[in-house]
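Trainee: So here's run21.txt (compact mmCIF, C-alpha atoms).
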# COMPACT_ATOMS: atom_id res chain seq x y z
CA MET A 1 5.44 -15.01 22.38
CA ILE A 2 2.42 -12.71 22.77
CA ALA A 3 3.33 -10.50 25.73
CA GLU A 4 -0.05 -8.77 25.89
CA LEU A 5 -3.10 -7.84 23.89
CA LEU A 6 -3.60 -4.12 23.46
CA ILE A 7 -6.57 -2.69 21.60
CA SER A 8 -6.64 1.05 21.11
CA GLU A 9 -9.46 3.17 19.70
CA ALA A 10 -10.77 0.29 17.61
CA SER A 11 -13.87 0.64 15.44
CA VAL A 12 -15.54 -2.06 13.41
CA ARG A 13 -18.21 -1.55 10.79
CA ARG A 14 -20.13 -4.50 9.33
CA GLY A 15 -22.58 -4.15 6.50
CA GLY A 16 -22.57 -0.34 6.75
CA ARG A 17 -23.46 -0.35 10.47
CA VAL A 18 -20.97 0.71 13.14
CA LEU A 19 -20.76 -2.08 15.74
CA PHE A 20 -18.48 -0.29 18.17
CA GLU A 21 -16.24 2.76 18.12
CA GLY A 22 -13.22 3.95 20.07
CA LEU A 23 -12.82 0.69 21.97
CA SER A 24 -9.67 0.51 24.07
CA PHE A 25 -8.73 -2.40 26.20
CA ALA A 26 -5.70 -4.36 27.43
CA LEU A 27 -5.20 -7.98 28.45
CA ARG A 28 -2.02 -9.09 30.21
CA PRO A 29 -0.59 -12.59 30.83
CA GLY A 30 -2.63 -14.51 33.39
CA GLU A 31 -5.76 -12.42 32.79
CA ALA A 32 -9.12 -13.49 31.46
CA CYS A 33 -11.82 -11.22 30.15
CA ALA A 34 -15.50 -11.91 29.62
CA LEU A 35 -16.79 -10.10 26.57
CA VAL A 36 -20.47 -9.33 27.11
CA GLY A 37 -23.18 -7.43 25.31
CA PRO A 38 -26.53 -8.05 23.66
CA ASN A 39 -26.85 -10.08 20.44
CA GLY A 40 -25.42 -8.18 17.51
CA SER A 41 -23.28 -5.85 19.62
CA GLY A 42 -20.09 -7.00 17.86
CA LYS A 43 -18.62 -9.60 20.24
CA THR A 44 -17.85 -12.08 17.48
CA SER A 45 -16.61 -9.31 15.20
CA LEU A 46 -14.19 -8.10 17.86
CA LEU A 47 -12.83 -11.63 18.32
CA ARG A 48 -12.49 -11.99 14.56
CA ALA A 49 -10.78 -8.61 14.31
CA ILE A 50 -8.22 -9.67 16.91
CA ALA A 51 -7.65 -12.86 14.91
CA GLY A 52 -7.13 -10.70 11.81
CA LEU A 53 -10.23 -12.08 10.09
CA VAL A 54 -12.11 -8.77 10.11
CA ARG A 55 -10.59 -5.45 9.12
CA LEU A 56 -10.68 -2.60 11.62
CA GLU A 57 -12.33 0.60 10.42
CA ALA A 58 -10.00 2.57 12.69
CA GLY A 59 -7.66 1.96 15.59
CA GLU A 60 -5.03 -0.62 16.26
CA ILE A 61 -4.57 -4.07 17.74
CA GLY A 62 -1.14 -4.81 19.17
CA PHE A 63 0.39 -7.95 20.61
CA GLY A 64 3.03 -6.43 22.86
CA GLY A 65 5.73 -5.88 20.29
CA THR A 66 5.22 -9.16 18.40
CA ASP A 67 4.57 -8.76 14.70
CA PRO A 68 0.75 -9.09 14.34
CA ALA A 69 1.03 -11.54 11.44
CA GLU A 70 3.34 -13.77 13.44
CA ALA A 71 1.24 -13.47 16.59
CA ARG A 72 -1.87 -14.53 14.68
CA ALA A 73 -0.07 -17.35 12.86
CA SER A 74 1.14 -19.17 15.95
CA GLY A 75 0.10 -17.26 19.07
CA LEU A 76 -3.67 -17.58 19.31
CA HIS A 77 -6.45 -20.16 19.32
CA PHE A 78 -9.77 -19.13 17.84
CA VAL A 79 -12.76 -21.30 18.74
CA GLY A 80 -15.97 -19.98 17.24
CA HIS A 81 -19.43 -21.21 16.31
CA GLN A 82 -18.19 -22.33 12.93
CA ASP A 83 -15.77 -24.98 14.06
CA GLY A 84 -14.44 -26.14 10.67
CA LEU A 85 -15.26 -29.76 11.47
CA LYS A 86 -16.42 -31.84 8.50
CA PRO A 87 -19.49 -33.98 9.27
CA ALA A 88 -18.27 -36.94 7.20
CA ARG A 89 -14.84 -37.20 8.80
CA THR A 90 -14.19 -39.19 11.96
CA VAL A 91 -13.37 -37.59 15.30
CA ARG A 92 -9.90 -39.13 15.09
CA GLU A 93 -9.19 -37.59 11.67
CA GLU A 94 -10.42 -34.15 12.67
CA LEU A 95 -8.70 -34.20 16.07
CA GLU A 96 -5.37 -35.23 14.58
CA PHE A 97 -5.54 -32.82 11.69
CA TRP A 98 -6.55 -29.69 13.63
CA GLY A 99 -4.23 -30.57 16.49
CA ARG A 100 -1.29 -30.83 14.13
CA TRP A 101 -2.39 -27.80 12.16
CA ALA A 102 -2.32 -25.73 15.36
CA GLY A 103 1.22 -26.96 15.98
CA GLY A 104 0.68 -30.03 18.19
CA THR A 105 2.63 -33.28 18.19
CA PRO A 106 1.09 -36.80 18.03
CA ALA A 107 1.75 -37.10 21.79
CA SER A 108 0.08 -33.78 22.66
CA VAL A 109 -2.87 -34.60 20.40
CA SER A 110 -3.54 -37.90 22.16
CA GLN A 111 -3.22 -36.14 25.52
CA ALA A 112 -5.80 -33.61 24.34
CA ALA A 113 -8.12 -36.48 23.35
CA GLU A 114 -7.88 -37.84 26.89
CA ALA A 115 -8.24 -34.45 28.56
CA TYR A 116 -11.47 -33.77 26.64
CA ASP A 117 -12.72 -37.36 27.01
CA LEU A 118 -12.83 -37.97 23.26
CA VAL A 119 -11.08 -41.35 23.28
CA ARG A 120 -14.26 -43.44 23.12
CA LEU A 121 -15.65 -41.18 20.37
CA LEU A 122 -12.60 -41.42 18.11
CA ASP A 123 -14.14 -43.71 15.50
CA LEU A 124 -17.45 -41.86 15.27
CA GLU A 125 -18.22 -39.53 12.39
CA VAL A 126 -18.45 -35.89 13.44
CA ARG A 127 -22.10 -35.82 12.28
CA ARG A 128 -22.98 -38.33 15.04
CA LEU A 129 -21.70 -36.08 17.83
CA SER A 130 -23.95 -34.06 20.09
CA ALA A 131 -23.45 -30.30 20.16
CA GLY A 132 -21.53 -30.55 23.44
CA GLN A 133 -19.28 -33.36 22.21
CA ARG A 134 -18.62 -31.42 19.05
CA ARG A 135 -17.67 -28.33 21.03
CA ARG A 136 -15.32 -30.44 23.15
CA LEU A 137 -13.66 -31.67 19.95
CA ALA A 138 -13.20 -28.06 18.81
CA LEU A 139 -11.89 -26.98 22.23
CA SER A 140 -9.42 -29.89 22.35
CA ARG A 141 -7.21 -27.91 19.94
CA THR A 142 -6.38 -25.57 22.79
CA ALA A 143 -4.88 -28.51 24.70
CA ALA A 144 -3.18 -30.08 21.66
CA ALA A 145 -1.02 -27.03 20.97
CA GLU A 146 0.23 -24.44 23.44
CA ARG A 147 -0.75 -20.96 22.27
CA PRO A 148 -0.87 -18.04 24.72
CA LEU A 149 -4.05 -16.22 23.64
CA TRP A 150 -7.41 -17.99 23.52
CA LEU A 151 -10.24 -16.27 21.67
CA LEU A 152 -13.43 -18.15 22.51
CA ASP A 153 -16.90 -17.41 21.17
CA GLU A 154 -19.51 -18.67 23.66
CA PRO A 155 -17.30 -21.65 24.50
CA LEU A 156 -19.50 -23.04 27.25
CA SER A 157 -23.02 -22.69 25.84
CA PRO A 158 -23.46 -26.28 24.55
CA LEU A 159 -21.53 -27.88 27.44
CA ASP A 160 -23.18 -29.62 30.41
CA ALA A 161 -22.49 -28.65 34.04
CA LEU A 162 -19.65 -31.16 34.45
CA TRP A 163 -17.84 -29.93 31.34
CA ARG A 164 -18.38 -26.28 32.20
CA GLU A 165 -16.59 -26.99 35.44
CA ARG A 166 -13.79 -28.93 33.73
CA MET A 167 -13.43 -26.21 31.11
CA GLY A 168 -13.11 -23.73 33.96
CA GLN A 169 -10.26 -25.81 35.36
CA ALA A 170 -8.58 -25.93 31.93
CA MET A 171 -8.93 -22.15 31.64
CA ALA A 172 -7.50 -21.65 35.14
CA ARG A 173 -4.49 -23.84 34.25
CA HIS A 174 -3.96 -21.85 31.05
CA LEU A 175 -4.05 -18.57 32.98
CA GLY A 176 -1.74 -20.01 35.62
CA GLY A 177 0.82 -20.70 32.90
CA GLY A 178 0.77 -17.07 31.81
CA GLY A 179 -1.92 -17.45 29.16
CA MET A 180 -4.66 -14.99 28.23
CA ILE A 181 -8.34 -15.65 27.53
CA LEU A 182 -10.88 -13.42 25.87
CA ALA A 183 -14.27 -15.11 25.75
CA ALA A 184 -17.59 -13.83 24.42
CA VAL A 185 -20.20 -15.10 26.89
CA HIS A 186 -23.76 -14.59 28.06
CA ASP A 187 -23.29 -16.47 31.35
CA PRO A 188 -20.46 -15.59 33.75
CA LEU A 189 -17.15 -17.37 33.15
CA PRO A 190 -16.27 -20.06 35.73
CA ILE A 191 -13.00 -18.25 36.50
CA PRO A 192 -12.17 -14.81 37.89
CA ALA A 193 -12.30 -12.47 34.93
CA LYS A 194 -12.70 -8.82 34.14
CA THR A 195 -15.59 -7.74 31.97
CA LEU A 196 -15.74 -5.82 28.74
CA ASP A 197 -19.29 -4.72 27.94
CA LEU A 198 -19.82 -3.88 24.27
CA GLY A 199 -23.43 -2.86 24.83
CA ALA A 200 -22.57 -0.11 27.29
CA MET B 1 6.07 -29.17 6.16
CA SER B 2 4.32 -32.02 7.97
CA ARG B 3 1.45 -29.59 8.42
CA LEU B 4 1.03 -29.14 4.69
CA LEU B 5 1.37 -32.88 4.11
CA ALA B 6 -1.43 -33.48 6.63
CA LEU B 7 -3.49 -30.85 4.78
CA LEU B 8 -2.85 -32.56 1.43
CA VAL B 9 -4.03 -35.90 2.84
CA ARG B 10 -7.14 -34.23 4.28
CA GLU B 11 -7.95 -32.25 1.14
CA THR B 12 -7.51 -35.28 -1.12
CA ALA B 13 -9.76 -37.35 1.13
CA LEU B 14 -12.37 -34.56 1.23
CA ALA B 15 -12.27 -34.06 -2.55
CA TRP B 16 -12.56 -37.83 -2.98
CA GLY B 17 -15.74 -37.89 -0.91
CA ARG B 18 -17.19 -34.49 -1.84
CA GLY B 19 -20.39 -34.85 -3.88
CA GLY B 20 -19.41 -38.31 -5.08
CA GLY B 21 -15.88 -37.21 -5.94
CA PRO B 22 -14.14 -38.90 -8.88
CA LEU B 23 -17.08 -41.19 -9.72
CA VAL B 24 -19.42 -38.31 -10.40
CA ALA B 25 -16.77 -36.39 -12.37
CA VAL B 26 -15.96 -39.44 -14.50
CA GLY B 27 -19.67 -40.21 -14.90
CA PHE B 28 -20.35 -36.67 -16.08
CA TYR B 29 -17.40 -36.96 -18.42
CA ALA B 30 -18.72 -40.22 -19.88
CA GLY B 31 -22.14 -38.62 -20.29
CA VAL B 32 -20.81 -35.65 -22.26
CA ALA B 33 -18.64 -37.94 -24.38
CA THR B 34 -21.71 -40.07 -25.16
CA LEU B 35 -23.85 -37.08 -26.15
CA ILE B 36 -21.40 -35.98 -28.84
CA PRO B 37 -21.88 -38.93 -31.25
CA LEU B 38 -25.65 -38.71 -30.66
CA ALA B 39 -25.56 -35.09 -31.80
CA ILE B 40 -23.25 -35.29 -34.80
CA GLY B 41 -24.14 -38.70 -36.21
CA PRO B 42 -22.55 -42.13 -35.99
CA GLU B 43 -20.32 -42.11 -39.13
CA PRO B 44 -16.97 -43.50 -37.91
CA GLU B 45 -14.81 -41.20 -40.08
CA ARG B 46 -16.51 -38.05 -38.89
CA LEU B 47 -16.37 -39.19 -35.25
CA ALA B 48 -12.74 -40.29 -35.43
CA ALA B 49 -11.77 -36.86 -36.74
CA ILE B 50 -13.26 -35.03 -33.77
CA ALA B 51 -12.71 -37.71 -31.10
CA PRO B 52 -9.54 -36.33 -29.46
CA GLY B 53 -10.87 -32.77 -29.47
CA ALA B 54 -14.27 -33.81 -28.13
CA ALA B 55 -12.67 -35.87 -25.36
CA TRP B 56 -10.53 -32.86 -24.48
CA VAL B 57 -13.38 -30.34 -24.30
CA ALA B 58 -15.48 -32.76 -22.25
CA LEU B 59 -12.54 -32.99 -19.85
CA ALA B 60 -12.48 -29.21 -19.40
CA LEU B 61 -16.22 -29.23 -18.64
CA ALA B 62 -15.94 -32.14 -16.21
CA SER B 63 -13.17 -30.28 -14.35
CA LEU B 64 -15.68 -27.52 -13.57
CA LEU B 65 -17.98 -29.79 -11.57
CA PRO B 66 -16.07 -30.17 -8.30
CA LEU B 67 -14.98 -26.51 -8.18
CA ASP B 68 -17.96 -24.94 -6.45
CA ARG B 69 -17.24 -26.73 -3.17
CA LEU B 70 -13.46 -26.27 -3.25
CA PHE B 71 -13.41 -23.17 -1.02
CA GLU B 72 -17.11 -22.60 -0.40
CA ARG B 73 -17.55 -25.35 2.19
CA ASP B 74 -14.46 -24.33 4.15
CA TYR B 75 -15.64 -20.74 4.02
CA GLU B 76 -19.08 -21.60 5.36
CA ASP B 77 -18.02 -23.98 8.13
CA GLY B 78 -15.15 -21.85 9.44
CA ALA B 79 -12.33 -24.16 8.35
CA LEU B 80 -10.90 -21.37 6.21
CA ASP B 81 -10.60 -19.13 9.31
CA LEU B 82 -8.58 -21.79 11.06
CA LEU B 83 -6.44 -22.51 8.00
CA VAL B 84 -5.51 -18.82 7.90
CA LEU B 85 -4.41 -18.82 11.57
CA SER B 86 -1.27 -20.84 10.99
CA PRO B 87 2.38 -20.28 10.14
CA ALA B 88 1.76 -21.87 6.72
CA PRO B 89 1.24 -19.10 4.13
CA LEU B 90 -2.29 -18.96 2.72
CA GLU B 91 -0.82 -19.20 -0.80
CA LEU B 92 0.59 -22.64 -0.01
CA VAL B 93 -2.67 -23.67 1.65
CA CYS B 94 -4.54 -22.77 -1.55
CA ALA B 95 -1.98 -24.60 -3.70
CA VAL B 96 -2.31 -27.71 -1.54
CA LYS B 97 -6.11 -27.57 -1.77
CA CYS B 98 -5.93 -27.48 -5.58
CA LEU B 99 -3.35 -30.24 -5.65
CA GLY B 100 -5.63 -32.41 -3.51
CA GLN B 101 -8.49 -31.64 -5.88
CA TRP B 102 -6.34 -32.66 -8.84
CA LEU B 103 -5.22 -35.90 -7.20
CA ALA B 104 -8.79 -36.87 -6.31
CA THR B 105 -10.63 -35.85 -9.49
CA GLY B 106 -8.11 -34.63 -12.12
CA ALA B 107 -6.06 -37.83 -12.14
CA PRO B 108 -9.07 -40.18 -12.43
CA LEU B 109 -10.41 -37.99 -15.25
CA ALA B 110 -7.02 -38.22 -17.00
CA LEU B 111 -7.32 -42.01 -16.85
CA ALA B 112 -10.81 -41.83 -18.34
CA ALA B 113 -9.83 -39.43 -21.14
CA PRO B 114 -8.02 -41.92 -23.43
CA VAL B 115 -10.83 -44.44 -22.93
CA ALA B 116 -13.44 -41.89 -23.97
CA ALA B 117 -11.40 -40.77 -26.99
CA ILE B 118 -10.84 -44.32 -28.21
CA ALA B 119 -14.51 -45.17 -27.67
CA LEU B 120 -15.34 -42.23 -29.94
CA GLY B 121 -13.02 -43.70 -32.58
CA ALA B 122 -9.65 -42.06 -31.97
CA ASP B 123 -6.52 -43.98 -32.97
CA PRO B 124 -5.40 -46.05 -29.92
CA ALA B 125 -1.82 -44.86 -30.61
CA LEU B 126 -3.01 -41.43 -29.37
CA ALA B 127 -3.81 -42.78 -25.90
CA PRO B 128 -0.48 -41.98 -24.16
CA LEU B 129 -0.49 -38.41 -25.47
CA ILE B 130 -4.13 -37.91 -24.50
CA PHE B 131 -3.31 -39.17 -21.01
CA ALA B 132 -0.29 -36.84 -20.71
CA CYS B 133 -2.27 -33.86 -22.02
CA ALA B 134 -5.14 -34.63 -19.63
CA LEU B 135 -2.75 -34.81 -16.68
CA ALA B 136 -1.03 -31.50 -17.49
CA GLY B 137 -4.29 -29.88 -18.57
CA GLY B 138 -6.06 -31.14 -15.46
CA LEU B 139 -3.45 -29.45 -13.31
CA ALA B 140 -4.06 -26.17 -15.15
CA PHE B 141 -7.85 -26.65 -14.86
CA ALA B 142 -7.59 -27.31 -11.10
CA PHE B 143 -5.45 -24.25 -10.34
CA LEU B 144 -7.33 -21.89 -12.66
CA GLY B 145 -10.60 -23.27 -11.36
CA GLY B 146 -9.39 -22.54 -7.84
CA ILE B 147 -9.08 -18.86 -8.76
CA GLY B 148 -12.68 -18.79 -9.93
CA ALA B 149 -13.86 -20.69 -6.86
CA ALA B 150 -12.04 -18.30 -4.52
CA LEU B 151 -13.31 -15.21 -6.36
CA SER B 152 -16.93 -16.35 -6.15
CA LEU B 153 -16.73 -17.05 -2.39
CA GLY B 154 -19.79 -15.82 -0.59
CA ALA B 155 -21.72 -15.12 -3.78
CA ARG B 156 -25.14 -16.65 -4.18
CA ARG B 157 -25.09 -19.39 -6.83
CA GLY B 158 -21.31 -19.23 -6.69
CA GLY B 159 -20.96 -22.40 -8.76
CA LEU B 160 -22.36 -20.78 -11.89
CA LEU B 161 -20.27 -17.68 -11.31
CA THR B 162 -17.18 -19.86 -10.98
CA ALA B 163 -17.86 -21.44 -14.37
CA VAL B 164 -18.31 -18.04 -16.02
CA ILE B 165 -15.06 -16.72 -14.50
CA VAL B 166 -13.07 -19.83 -15.28
CA LEU B 167 -14.13 -20.83 -18.80
CA PRO B 168 -12.20 -18.01 -20.54
CA LEU B 169 -9.09 -19.06 -18.63
CA PHE B 170 -9.59 -22.59 -19.97
CA VAL B 171 -9.28 -21.37 -23.58
CA PRO B 172 -5.46 -21.51 -23.91
CA PRO B 173 -5.00 -25.03 -22.51
CA VAL B 174 -7.87 -26.28 -24.67
CA ILE B 175 -6.23 -24.76 -27.75
CA PHE B 176 -2.73 -26.02 -26.92
CA GLY B 177 -3.82 -29.53 -25.95
CA GLY B 178 -6.25 -29.86 -28.86
CA GLY B 179 -3.53 -28.60 -31.23
CA ALA B 180 -0.99 -31.11 -29.96
CA LEU B 181 -3.46 -33.99 -30.32
CA ASP B 182 -4.50 -32.93 -33.85
CA ALA B 183 -0.89 -32.55 -34.93
CA TYR B 184 0.04 -35.94 -33.52
CA ALA B 185 -2.92 -37.62 -35.23
CA ALA B 186 -1.91 -36.01 -38.55
CA GLY B 187 1.75 -37.01 -38.17
CA LEU B 188 2.88 -33.40 -37.77
CA PRO B 189 5.24 -32.04 -35.06
CA TRP B 190 3.19 -31.98 -31.86
CA LYS B 191 5.75 -31.13 -29.23
CA ALA B 192 5.24 -27.37 -29.46
CA GLY B 193 1.58 -27.63 -28.51
CA PHE B 194 2.30 -29.97 -25.65
CA SER B 195 5.13 -27.75 -24.36
CA LEU B 196 2.83 -24.74 -24.41
CA LEU B 197 0.20 -26.71 -22.51
CA ALA B 198 2.76 -27.78 -19.91
CA ALA B 199 4.07 -24.21 -19.66
CA TYR B 200 0.54 -22.87 -19.17
CA ALA B 201 -0.06 -25.46 -16.45
CA ALA B 202 3.22 -24.48 -14.76
CA GLY B 203 2.20 -20.82 -14.94
CA ALA B 204 -1.19 -21.62 -13.42
CA VAL B 205 0.44 -23.57 -10.58
CA ALA B 206 2.85 -20.71 -9.89
CA LEU B 207 0.47 -17.75 -10.14
CA GLY B 208 -2.91 -19.27 -9.27
CA PRO B 209 -2.22 -19.56 -5.52
CA LEU B 210 -1.36 -15.84 -5.30
CA ALA B 211 -4.72 -14.92 -6.80
CA MET B 212 -6.59 -17.51 -4.70
CA ALA B 213 -5.02 -16.32 -1.43
CA GLY B 214 -5.87 -12.71 -2.26
CA ALA B 215 -9.46 -13.63 -3.06
CA CYS B 216 -9.79 -15.70 0.14
CA ARG B 217 -8.44 -12.88 2.32
CA ASN B 218 -10.86 -10.50 0.69
CA ALA B 219 -13.80 -12.84 1.24
CA LEU B 220 -12.91 -13.33 4.90
CA SER B 221 -12.51 -9.70 5.89
What do you get writing this file as C-alpha cells?
Mentor:
Amino acid sequence: MIAELLISEASVRRGGRVLFEGLSFALRPGEACALVGPNGSGKTSLLRAIAGLVRLEAGEIGFGGTDPAEARASGLHFVGHQDGLKPARTVREELEFWGRWAGGTPASVSQAAEAYDLVRLLDLEVRRLSAGQRRRLALSRTAAAERPLWLLDEPLSPLDALWRERMGQAMARHLGGGGMILAAVHDPLPIPAKTLDLGA
Amino acid sequence: MSRLLALLVRETALAWGRGGGPLVAVGFYAGVATLIPLAIGPEPERLAAIAPGAAWVALALASLLPLDRLFERDYEDGALDLLVLSPAPLELVCAVKCLGQWLATGAPLALAAPVAAIALGADPALAPLIFACALAGGLAFAFLGGIGAALSLGARRGGLLTAVIVLPLFVPPVIFGGGALDAYAAGLPWKAGFSLLAAYAAGAVALGPLAMAGACRNALS
C-alpha cells in the first residue's frame, strides 16, 4: 500500500519558531529509522506532519505514489504520548474499539491482546493501569491491524526491560514483513536502524 | 460501517458517563424549570400561559451543558488524532459524535420536557407535541452545539465560548418550536412551526458535520 516514505525539503514552524528546515529523508520497506534530537527539536512535529496532523511550512511528504490522504487513512499507525485512551473505560472496551477502528477483526484484536499480554488486564479500567501497561495497550493497535508504516513517539520509554526486548522482536517481525518504522527515541532502538538527527 | 457503529456505541457510552451525563443535564433542566415559577409568581393562569415556552427555553439551555467536553477531551487526550487517521471521513465521525451525544443526553431531556411543562401547569394534551419538539429540537441543538464545541477547540475557557457561539444558532429552533407549541395550545394550526423546526434540525444534521470537521482539522494542524 505505502511503497515508501519520501520527505523532501520539509520545513515545520510551530508557534512562530522554525523547528527544522530543508529536511530530506527516505524510508523504504523493511527499514527502520531512529529519530533523535534534543527536546523541542521537532521530533513529534515531524511524526505528526507525516501523519497529516501538522501542516508543512514548505516541502513535500510522499508515500511512493499512493494518494497521501489514502495512505494516512489506512496505511500508518501513529502511537504518541497522547494515546486517546479514556481513563473510565475498561481495557477490553478500549482495545476492541481502537483495534477495530484501525481496521482489525475480532480475531486479530484478541490475538493482539495475547501478544501484548493484556488478557488478564481486560476488565480493569484504564485509569488503574501503570504507564507501561497503558503503553502496551496503545501499542497493541499495531498488532490488531496490519498497516505498513509505524510512527512511534518514544514507544519504549515507559516499558520495562522484558517489554523493550519483546517490542524489539515485534518491530523486527514488522520489518521482516516489509513494514517501515520511524520512531522518535532518546535511547537506541533494539533493532538495526538508521538515524535521523534533527538537532544536527 | 461497523467502524462507525462501534464509534457510536463508544460515543454514547462516553456521553452517558461524561460529567454525570443525562442525570446532570436533566437535573439542571429541572432546576431551571423550578426557578421560573419562583421568579414570576405562583398564579396558575400566568404560569400555564408560559409553561410550554419556559420548558422549551430551559431545554435549549440544558443542551449547552454537555457541549464543552464533546470534542475538547478527545482533542486533549489524542483520540481526535487517531479518529482522523482512518478511512472514515471526519465529517461522519463528527456526525456520529453528535448523534451519540443526542442519544445519551438529548433523548433523556426530551423525556423530561413534557414532565417539566406539565408541572409548570401546561395542558397535559400538549405532552406528545412537546416530546416531539424536544426530540427534533434536541437533534438541532446537538449538531449546532457541535459546531460551537469544535470551533472553540483549544481555546481557554472553551465552554463559555461555545455557549456564546451557539446561542444565536439556537434562536430559530426556539422560535419555531415555541410557535408550534403556542399555536397548538391556542387551537391554531401548528404544523407549520413544527415542520420548520424539523427542517431546521435536518439542515443542522446535514451541514453541521461539514463545519465541525473543518473546525477540527483547523484545530489539529
Trainee: Could the residues of chain A within 12 Å of chain B, counting all atoms listed in the file, be given as a PyMOL selection string, please?
Mentor: chain A and resi 12-15+45+47-57+68-90+93-106+138+141+145+147+151
Trainee: Can those selected residues be exported to a file as a PDB file, in the frame of the given file so that it contains C-alpha atoms?
Mentor:
ATOM      1  CA  VAL A  12     -15.540  -2.060  13.410  1.00  0.00           C
ATOM      2  CA  ARG A  13     -18.210  -1.550  10.790  1.00  0.00           C
ATOM      3  CA  ARG A  14     -20.130  -4.500   9.330  1.00  0.00           C
ATOM      4  CA  GLY A  15     -22.580  -4.150   6.500  1.00  0.00           C
ATOM      5  CA  SER A  45     -16.610  -9.310  15.200  1.00  0.00           C
ATOM      6  CA  LEU A  47     -12.830 -11.630  18.320  1.00  0.00           C
ATOM      7  CA  ARG A  48     -12.490 -11.990  14.560  1.00  0.00           C
ATOM      8  CA  ALA A  49     -10.780  -8.610  14.310  1.00  0.00           C
ATOM      9  CA  ILE A  50      -8.220  -9.670  16.910  1.00  0.00           C
ATOM     10  CA  ALA A  51      -7.650 -12.860  14.910  1.00  0.00           C
ATOM     11  CA  GLY A  52      -7.130 -10.700  11.810  1.00  0.00           C
ATOM     12  CA  LEU A  53     -10.230 -12.080  10.090  1.00  0.00           C
ATOM     13  CA  VAL A  54     -12.110  -8.770  10.110  1.00  0.00           C
ATOM     14  CA  ARG A  55     -10.590  -5.450   9.120  1.00  0.00           C
ATOM     15  CA  LEU A  56     -10.680  -2.600  11.620  1.00  0.00           C
ATOM     16  CA  GLU A  57     -12.330   0.600  10.420  1.00  0.00           C
ATOM     17  CA  PRO A  68       0.750  -9.090  14.340  1.00  0.00           C
ATOM     18  CA  ALA A  69       1.030 -11.540  11.440  1.00  0.00           C
ATOM     19  CA  GLU A  70       3.340 -13.770  13.440  1.00  0.00           C
ATOM     20  CA  ALA A  71       1.240 -13.470  16.590  1.00  0.00           C
ATOM     21  CA  ARG A  72      -1.870 -14.530  14.680  1.00  0.00           C
ATOM     22  CA  ALA A  73      -0.070 -17.350  12.860  1.00  0.00           C
ATOM     23  CA  SER A  74       1.140 -19.170  15.950  1.00  0.00           C
ATOM     24  CA  GLY A  75       0.100 -17.260  19.070  1.00  0.00           C
ATOM     25  CA  LEU A  76      -3.670 -17.580  19.310  1.00  0.00           C
ATOM     26  CA  HIS A  77      -6.450 -20.160  19.320  1.00  0.00           C
ATOM     27  CA  PHE A  78      -9.770 -19.130  17.840  1.00  0.00           C
ATOM     28  CA  VAL A  79     -12.760 -21.300  18.740  1.00  0.00           C
ATOM     29  CA  GLY A  80     -15.970 -19.980  17.240  1.00  0.00           C
ATOM     30  CA  HIS A  81     -19.430 -21.210  16.310  1.00  0.00           C
ATOM     31  CA  GLN A  82     -18.190 -22.330  12.930  1.00  0.00           C
ATOM     32  CA  ASP A  83     -15.770 -24.980  14.060  1.00  0.00           C
ATOM     33  CA  GLY A  84     -14.440 -26.140  10.670  1.00  0.00           C
ATOM     34  CA  LEU A  85     -15.260 -29.760  11.470  1.00  0.00           C
ATOM     35  CA  LYS A  86     -16.420 -31.840   8.500  1.00  0.00           C
ATOM     36  CA  PRO A  87     -19.490 -33.980   9.270  1.00  0.00           C
ATOM     37  CA  ALA A  88     -18.270 -36.940   7.200  1.00  0.00           C
ATOM     38  CA  ARG A  89     -14.840 -37.200   8.800  1.00  0.00           C
ATOM     39  CA  THR A  90     -14.190 -39.190  11.960  1.00  0.00           C
ATOM     40  CA  GLU A  93      -9.190 -37.590  11.670  1.00  0.00           C
ATOM     41  CA  GLU A  94     -10.420 -34.150  12.670  1.00  0.00           C
ATOM     42  CA  LEU A  95      -8.700 -34.200  16.070  1.00  0.00           C
ATOM     43  CA  GLU A  96      -5.370 -35.230  14.580  1.00  0.00           C
ATOM     44  CA  PHE A  97      -5.540 -32.820  11.690  1.00  0.00           C
ATOM     45  CA  TRP A  98      -6.550 -29.690  13.630  1.00  0.00           C
ATOM     46  CA  GLY A  99      -4.230 -30.570  16.490  1.00  0.00           C
ATOM     47  CA  ARG A 100      -1.290 -30.830  14.130  1.00  0.00           C
ATOM     48  CA  TRP A 101      -2.390 -27.800  12.160  1.00  0.00           C
ATOM     49  CA  ALA A 102      -2.320 -25.730  15.360  1.00  0.00           C
ATOM     50  CA  GLY A 103       1.220 -26.960  15.980  1.00  0.00           C
ATOM     51  CA  GLY A 104       0.680 -30.030  18.190  1.00  0.00           C
ATOM     52  CA  THR A 105       2.630 -33.280  18.190  1.00  0.00           C
ATOM     53  CA  PRO A 106       1.090 -36.800  18.030  1.00  0.00           C
ATOM     54  CA  ALA A 138     -13.200 -28.060  18.810  1.00  0.00           C
ATOM     55  CA  ARG A 141      -7.210 -27.910  19.940  1.00  0.00           C
ATOM     56  CA  ALA A 145      -1.020 -27.030  20.970  1.00  0.00           C
ATOM     57  CA  ARG A 147      -0.750 -20.960  22.270  1.00  0.00           C
ATOM     58  CA  LEU A 151     -10.240 -16.270  21.670  1.00  0.00           C
TER      59      LEU A 151
END
Trainee: What gap, in Å, lies between CA of Ala144 (chain A) and CA of Leu8 (chain B)?
Mentor: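 Straight-line distance from CA of Ala144 (chain A) to CA of Leu8 (chain B) works out to 20.4 Å.
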Trainee: Write out as a PyMOL selection string the residues lying within 6 Å of region 91-108 of chain B, counting all atoms listed in the file and excluding same-chain residues fewer than 6 positions away.
Mentor: chain B and resi 8+11-12+15-16+22+138+142-143+209-210+213
Trainee: So what do you get for CA of Ala134 (chain B) versus CA of Leu161 (chain B), distance-wise?
Mentor: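 If I compute the distance from CA of Ala134 (chain B) to CA of Leu161 (chain B), I get 24.2 Å.
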Trainee: In Å to one decimal, how far is CA of Glu165 (chain A) from CA of Arg128 (chain A)?
Mentor: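 Value for the CA of Arg128 (chain A)-CA of Glu165 (chain A) distance: 24.2 Å.
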Trainee: If we count all atoms listed in the file, what is near Leu64 (chain B) at a cut-off of 12 Å, once residues fewer than 6 positions away on the same chain are taken out, given as a PyMOL selection string?
Mentor: chain B and resi 24-26+28-29+57-58+70+101-102+105-106+109+138+140-149+159-167+169-170
Trainee: Using only C-alpha atoms, which of A:Ala115, A:Ala161, A:Leu121, A:Ala107 sits nearest Ala143 (chain A)?
Mentor: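 Among the listed residues, A:Ala115 lies closest to Ala143 (chain A).
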